[in-house]
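What follows is one structure encoded as structure tokens, with my remarks underneath.
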Amino acid sequence: MRPMSFGQGGPQSQWDPWKPNSQQQPWSDGDTRTPDWAALAEASETRNKRRRLLLVGGGALATVAIGAAVAVAVVSANGDSEASGNPSSQLPSTADIPSASGTDPSFAPTSAPPPLDPKDFIATKSKDTAPLGAQILFPGTQLTMGETVYKKGPTADTTKCASAVNDQGTLGKILTANDCTRLLRVTYLKDGAAVTVGVAVFDTEAQATKAKGQADDKSVIASLAGGGVKPFCNAALCRTTTNSYGRYAYFTVAGFFNGKDVTTKDTQVFQIGDDLAEFTFRQIRRRGEAQASAAANE
């Protein structure tokens with residue numbers, strides 16, 4: 001039997017130049033076709049790329065395996081935290097970790113005490129205990145206010161407050177109703193004009209404030225003459241003021257020695273009255289400041 005020739009039907013073996021023991025197809029004399037070298041080269045390149053990918057993938061897997069092994073080794077070196085049941089969330093807090101320098105020193109907070117209020121010391125009899133008198137409240141023989149110098153006249157001091165007021169006025173009843181305990185008076189003069197200041201003393205600030213509020217145009221302190229000072233403001237119209245500070249209420253009456261009525265044009269009389277009212281306020285306030293300072297230094 002004549003063997004079959006390739007290309008005429010029947011079984012045939014594919015020849016692969018990269019596969020061992022494969023048969024190469026013989027070319028008959030009548031077959032003029034040549035091998036497709038481009039296809040063969042493309043197939044070879046595809047196989048080479050697949051082989052390189054396998055090598056790269058294998059290297060990456062090996063790297064991951066090595067990293068996992070190192071991580072396991074680090075965990076083991078740190079005491080195998082998972083196996084011992086002490087995860088990082090159970091580590092001691094910062095407050096539980098001792099300081100490298102030991103216990104930090106602590107200091108108790110300090111603050112200066114609040115300053116004492118001078119008015120508190122002249123608001124009630126129980127705290128206002130400093131010596132008091134007309135010569136203490138109005139010392140010296142003259143008073144300088146700005147550029148003006150006033151000569152000091154007589155002084156008076158009585159516990160019968162109603163006896164030192166104008167008999168025809170309302171001040172006596174007001175002082176008595178509010179329990180005035182003492183009345184101090186002093187007179188200052190300059191150039192034919194004079195002023196008498198009367199300081200009524202009460203046990204509490206509330207009493208002094210009430211007496212001031214009840215005073216009216218007829219609440220007039222009696223002018224104080226004597227010691228070379230002529231009487232004034234006995235019949236003529238004079239200028240008066242009323243005020244209070246702490247447990248003290250103070251009043252002024254100012255006018256002329258010649259008996260002339262005071263009008264709004266008489267600035268000299270207004271000035272002497274305002275200056276002595278201001279000075280009286282300052283003296284009462286200084287009394288409180290001195291006692292507050294003494295208490296703070298005890």
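Please note that chains go A, B, ... in the order of the structure tokens, that every chain numbers its residues from 1, and that ligands are numbered from 1 in the order shown.
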Could you give me, as CSV, every region 255-292 of chain A residue with an atom at most 10 Å from region 177-188 of chain A, plus its closest atom pair and distance in Å to one decimal, counting only C-alpha atoms, rows ordered by chain then number?
```
residue,atom,partner,partner_atom,distance
A:Ile272,CA,A:Tyr188,CA,8.4
A:Gly273,CA,A:Tyr188,CA,9.6
A:Leu276,CA,A:Tyr188,CA,8.2
```
So which residues of region 140-297 of chain A fall under alpha helix (DSSP H) by DSSP, listed as a PyMOL selection string? chain A and resi 171-177+205-214+267-296
I'd like the contact shell of Gly169 (chain A) - 9 Å cut-off, only C-alpha atoms, skipping same-chain residues fewer than 6 positions apart - returned as a PDB file with all heavy atoms, in the first residue's frame.
```pdb
ATOM      1  N   ASP A 217     -35.748 123.973 101.477  1.00  0.00           N
ATOM      2  CA  ASP A 217     -35.175 125.323 101.456  1.00  0.00           C
ATOM      3  C   ASP A 217     -35.134 125.964 102.838  1.00  0.00           C
ATOM      4  O   ASP A 217     -34.365 126.910 103.061  1.00  0.00           O
ATOM      5  CB  ASP A 217     -35.977 126.231 100.516  1.00  0.00           C
ATOM      6  CG  ASP A 217     -35.865 125.805  99.065  1.00  0.00           C
ATOM      7  OD1 ASP A 217     -34.885 125.080  98.752  1.00  0.00           O
ATOM      8  OD2 ASP A 217     -36.729 126.171  98.257  1.00  0.00           O
ATOM      9  N   LYS A 218     -35.928 125.478 103.759  1.00  0.00           N
ATOM     10  CA  LYS A 218     -35.960 126.051 105.106  1.00  0.00           C
ATOM     11  C   LYS A 218     -35.104 125.274 106.100  1.00  0.00           C
ATOM     12  O   LYS A 218     -35.100 125.610 107.298  1.00  0.00           O
ATOM     13  CB  LYS A 218     -37.401 126.098 105.610  1.00  0.00           C
ATOM     14  CG  LYS A 218     -38.308 127.026 104.809  1.00  0.00           C
ATOM     15  CD  LYS A 218     -39.712 127.052 105.381  1.00  0.00           C
ATOM     16  CE  LYS A 218     -40.612 127.997 104.598  1.00  0.00           C
ATOM     17  NZ  LYS A 218     -41.986 128.056 105.156  1.00  0.00           N
ATOM     18  N   SER A 219     -34.409 124.272 105.599  1.00  0.00           N
ATOM     19  CA  SER A 219     -33.524 123.475 106.467  1.00  0.00           C
ATOM     20  C   SER A 219     -32.152 124.140 106.491  1.00  0.00           C
ATOM     21  O   SER A 219     -31.275 123.859 105.658  1.00  0.00           O
ATOM     22  CB  SER A 219     -33.425 122.042 105.947  1.00  0.00           C
ATOM     23  OG  SER A 219     -34.698 121.430 105.913  1.00  0.00           O
ATOM     24  N   VAL A 220     -31.958 125.055 107.440  1.00  0.00           N
ATOM     25  CA  VAL A 220     -30.768 125.909 107.453  1.00  0.00           C
ATOM     26  C   VAL A 220     -30.004 125.723 108.769  1.00  0.00           C
ATOM     27  O   VAL A 220     -30.592 125.748 109.864  1.00  0.00           O
ATOM     28  CB  VAL A 220     -31.159 127.394 107.291  1.00  0.00           C
ATOM     29  CG1 VAL A 220     -29.907 128.275 107.251  1.00  0.00           C
ATOM     30  CG2 VAL A 220     -31.990 127.581 106.028  1.00  0.00           C
ATOM     31  N   ILE A 221     -28.679 125.531 108.631  1.00  0.00           N
ATOM     32  CA  ILE A 221     -27.831 125.450 109.810  1.00  0.00           C
ATOM     33  C   ILE A 221     -27.638 126.856 110.383  1.00  0.00           C
ATOM     34  O   ILE A 221     -27.672 127.846 109.631  1.00  0.00           O
ATOM     35  CB  ILE A 221     -26.456 124.809 109.439  1.00  0.00           C
ATOM     36  CG1 ILE A 221     -25.700 124.378 110.696  1.00  0.00           C
ATOM     37  CG2 ILE A 221     -25.613 125.759 108.618  1.00  0.00           C
ATOM     38  CD1 ILE A 221     -26.222 123.119 111.280  1.00  0.00           C
TER      39      ILE A 221
END
```
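Coordinates place CA of Gly198 (chain A) at a distance of 14.0 Å from CA of Asp275 (chain A).
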Among the residues A:Ala194, A:Leu116, A:Leu237, A:Ala225, the one that comes closest to Thr155 (chain A) [using only C-alpha atoms]: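 Answer, going by the shortest atom-to-atom distance: A:Ala225.
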Counting only C-alpha atoms, what is within 7 Å of Val262 (chain A), bar same-chain residues fewer than 5 positions away, as a PyMOL selection string? chain A and resi 237-239+255
Test item: residues at most 7 Å from Gly288 (chain A), only C-alpha atoms, excluding those fewer than 4 positions along its chain, as a PyMOL selection string: chain A and resi 118-119+121-122+284+292
Mind writing the picked residues with all heavy atoms as a PDB file, in the first residue's frame?
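Writing done, so here's result_20.pdb:
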```pdb
ATOM      1  N   PRO A 118     -12.915 102.450 101.519  1.00  0.00           N
ATOM      2  CA  PRO A 118     -12.892 103.466 102.588  1.00  0.00           C
ATOM      3  C   PRO A 118     -14.280 103.868 103.068  1.00  0.00           C
ATOM      4  O   PRO A 118     -14.453 104.191 104.250  1.00  0.00           O
ATOM      5  CB  PRO A 118     -12.170 104.643 101.925  1.00  0.00           C
ATOM      6  CG  PRO A 118     -11.340 104.019 100.840  1.00  0.00           C
ATOM      7  CD  PRO A 118     -12.154 102.863 100.342  1.00  0.00           C
ATOM      8  N   LYS A 119     -15.251 103.837 102.164  1.00  0.00           N
ATOM      9  CA  LYS A 119     -16.583 104.265 102.571  1.00  0.00           C
ATOM     10  C   LYS A 119     -17.199 103.324 103.599  1.00  0.00           C
ATOM     11  O   LYS A 119     -18.052 103.727 104.400  1.00  0.00           O
ATOM     12  CB  LYS A 119     -17.495 104.387 101.350  1.00  0.00           C
ATOM     13  CG  LYS A 119     -18.789 105.120 101.644  1.00  0.00           C
ATOM     14  CD  LYS A 119     -19.625 105.326 100.390  1.00  0.00           C
ATOM     15  CE  LYS A 119     -20.900 106.091 100.713  1.00  0.00           C
ATOM     16  NZ  LYS A 119     -21.758 106.289  99.530  1.00  0.00           N
ATOM     17  N   PHE A 121     -15.847 102.250 106.157  1.00  0.00           N
ATOM     18  CA  PHE A 121     -15.397 102.638 107.498  1.00  0.00           C
ATOM     19  C   PHE A 121     -16.051 103.921 107.998  1.00  0.00           C
ATOM     20  O   PHE A 121     -15.872 104.298 109.166  1.00  0.00           O
ATOM     21  CB  PHE A 121     -13.871 102.790 107.501  1.00  0.00           C
ATOM     22  CG  PHE A 121     -13.149 101.482 107.384  1.00  0.00           C
ATOM     23  CD1 PHE A 121     -12.923 100.916 106.139  1.00  0.00           C
ATOM     24  CD2 PHE A 121     -12.736 100.797 108.507  1.00  0.00           C
ATOM     25  CE1 PHE A 121     -12.267  99.709 106.023  1.00  0.00           C
ATOM     26  CE2 PHE A 121     -12.079  99.577 108.405  1.00  0.00           C
ATOM     27  CZ  PHE A 121     -11.853  99.026 107.152  1.00  0.00           C
ATOM     28  N   ILE A 122     -16.802 104.591 107.145  1.00  0.00           N
ATOM     29  CA  ILE A 122     -17.532 105.773 107.602  1.00  0.00           C
ATOM     30  C   ILE A 122     -19.034 105.597 107.390  1.00  0.00           C
ATOM     31  O   ILE A 122     -19.793 106.557 107.472  1.00  0.00           O
ATOM     32  CB  ILE A 122     -17.047 107.039 106.866  1.00  0.00           C
ATOM     33  CG1 ILE A 122     -17.119 106.851 105.349  1.00  0.00           C
ATOM     34  CG2 ILE A 122     -15.634 107.402 107.300  1.00  0.00           C
ATOM     35  CD1 ILE A 122     -16.842 108.109 104.573  1.00  0.00           C
ATOM     36  N   ILE A 284     -14.149 114.055 105.108  1.00  0.00           N
ATOM     37  CA  ILE A 284     -14.883 112.844 105.510  1.00  0.00           C
ATOM     38  C   ILE A 284     -14.350 111.630 104.760  1.00  0.00           C
ATOM     39  O   ILE A 284     -14.154 110.552 105.343  1.00  0.00           O
ATOM     40  CB  ILE A 284     -16.394 113.025 105.258  1.00  0.00           C
ATOM     41  CG1 ILE A 284     -16.937 114.173 106.127  1.00  0.00           C
ATOM     42  CG2 ILE A 284     -17.155 111.745 105.568  1.00  0.00           C
ATOM     43  CD1 ILE A 284     -18.385 114.554 105.809  1.00  0.00           C
ATOM     44  N   ALA A 292      -9.281 102.684 106.575  1.00  0.00           N
ATOM     45  CA  ALA A 292      -9.137 101.519 105.699  1.00  0.00           C
ATOM     46  C   ALA A 292      -7.679 101.128 105.572  1.00  0.00           C
ATOM     47  O   ALA A 292      -7.322  99.940 105.581  1.00  0.00           O
ATOM     48  CB  ALA A 292      -9.740 101.817 104.328  1.00  0.00           C
TER      49      ALA A 292
END
```
Write out as a ChimeraX atom specification the set of residues from region 74-278 of chain A that DSSP, computed on the backbone, places in strand (DSSP E or B). /A:124,142-145,148-158,165,182-190,193-201,204,221,226,229,239-245,248-256
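Closest approach to Gly133 (chain A) among A:Met145, A:Val201, A:Thr176, A:Gly226 is made by A:Val201 (distances from only C-alpha atoms).
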Nearest to Thr144 (chain A), chosen from A:Ala222, A:Val197, A:Ala296, A:Leu189, with only C-alpha atoms counted in the distances: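 Closest candidate: A:Leu189.
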Select, from A:Gly192, A:Ala123, A:Thr242, A:Ala235, the residue with the minimum atom-to-atom distance to Lys212 (chain A), counting only C-alpha atoms. A:Thr242
Neighbouring residues of Ala211 (chain A) were defined as those with any atom within 7 Å, considering only C-alpha atoms; residues of the same chain fewer than 2 positions away were excluded. Please report them as an MDAnalysis selection string. chainID A and resid 174:175 178 207:209 213:215
Filtering to N, CA, C and O atoms, could you give me those residues as a PDB file, in the first residue's frame?
```pdb
ATOM      1  N   ILE A 174     -35.815 117.480 111.472  1.00  0.00           N
ATOM      2  CA  ILE A 174     -35.262 116.424 110.611  1.00  0.00           C
ATOM      3  C   ILE A 174     -34.110 115.704 111.311  1.00  0.00           C
ATOM      4  O   ILE A 174     -34.031 114.469 111.309  1.00  0.00           O
ATOM      5  N   LEU A 175     -33.208 116.472 111.919  1.00  0.00           N
ATOM      6  CA  LEU A 175     -32.071 115.858 112.613  1.00  0.00           C
ATOM      7  C   LEU A 175     -32.538 115.014 113.794  1.00  0.00           C
ATOM      8  O   LEU A 175     -32.018 113.916 114.039  1.00  0.00           O
ATOM      9  N   ASN A 178     -34.181 111.659 112.723  1.00  0.00           N
ATOM     10  CA  ASN A 178     -33.243 110.648 112.212  1.00  0.00           C
ATOM     11  C   ASN A 178     -32.118 110.329 113.190  1.00  0.00           C
ATOM     12  O   ASN A 178     -31.107 109.735 112.814  1.00  0.00           O
ATOM     13  N   GLN A 207     -29.427 106.709 107.836  1.00  0.00           N
ATOM     14  CA  GLN A 207     -30.017 107.836 108.550  1.00  0.00           C
ATOM     15  C   GLN A 207     -29.556 109.166 107.954  1.00  0.00           C
ATOM     16  O   GLN A 207     -30.354 110.096 107.782  1.00  0.00           O
ATOM     17  N   ALA A 208     -28.284 109.241 107.607  1.00  0.00           N
ATOM     18  CA  ALA A 208     -27.759 110.477 107.022  1.00  0.00           C
ATOM     19  C   ALA A 208     -28.370 110.741 105.648  1.00  0.00           C
ATOM     20  O   ALA A 208     -28.727 111.881 105.319  1.00  0.00           O
ATOM     21  N   THR A 209     -28.500 109.670 104.870  1.00  0.00           N
ATOM     22  CA  THR A 209     -29.088 109.811 103.535  1.00  0.00           C
ATOM     23  C   THR A 209     -30.546 110.251 103.629  1.00  0.00           C
ATOM     24  O   THR A 209     -31.016 111.091 102.846  1.00  0.00           O
ATOM     25  N   GLY A 213     -32.338 113.741 102.248  1.00  0.00           N
ATOM     26  CA  GLY A 213     -33.495 113.716 101.367  1.00  0.00           C
ATOM     27  C   GLY A 213     -34.678 114.507 101.903  1.00  0.00           C
ATOM     28  O   GLY A 213     -35.490 115.025 101.124  1.00  0.00           O
ATOM     29  N   GLN A 214     -34.791 114.613 103.210  1.00  0.00           N
ATOM     30  CA  GLN A 214     -35.917 115.333 103.818  1.00  0.00           C
ATOM     31  C   GLN A 214     -35.664 116.829 103.919  1.00  0.00           C
ATOM     32  O   GLN A 214     -36.610 117.604 104.152  1.00  0.00           O
ATOM     33  N   ALA A 215     -34.459 117.271 103.734  1.00  0.00           N
ATOM     34  CA  ALA A 215     -34.144 118.694 103.860  1.00  0.00           C
ATOM     35  C   ALA A 215     -34.770 119.497 102.729  1.00  0.00           C
ATOM     36  O   ALA A 215     -34.887 119.030 101.588  1.00  0.00           O
TER      37      ALA A 215
END
```
Work out how far CA of Arg247 (chain A) is from CA of Thr124 (chain A), in Å to one decimal.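 Atom-to-atom, CA of Thr124 (chain A) and CA of Arg247 (chain A) are spaced 6.2 Å apart.
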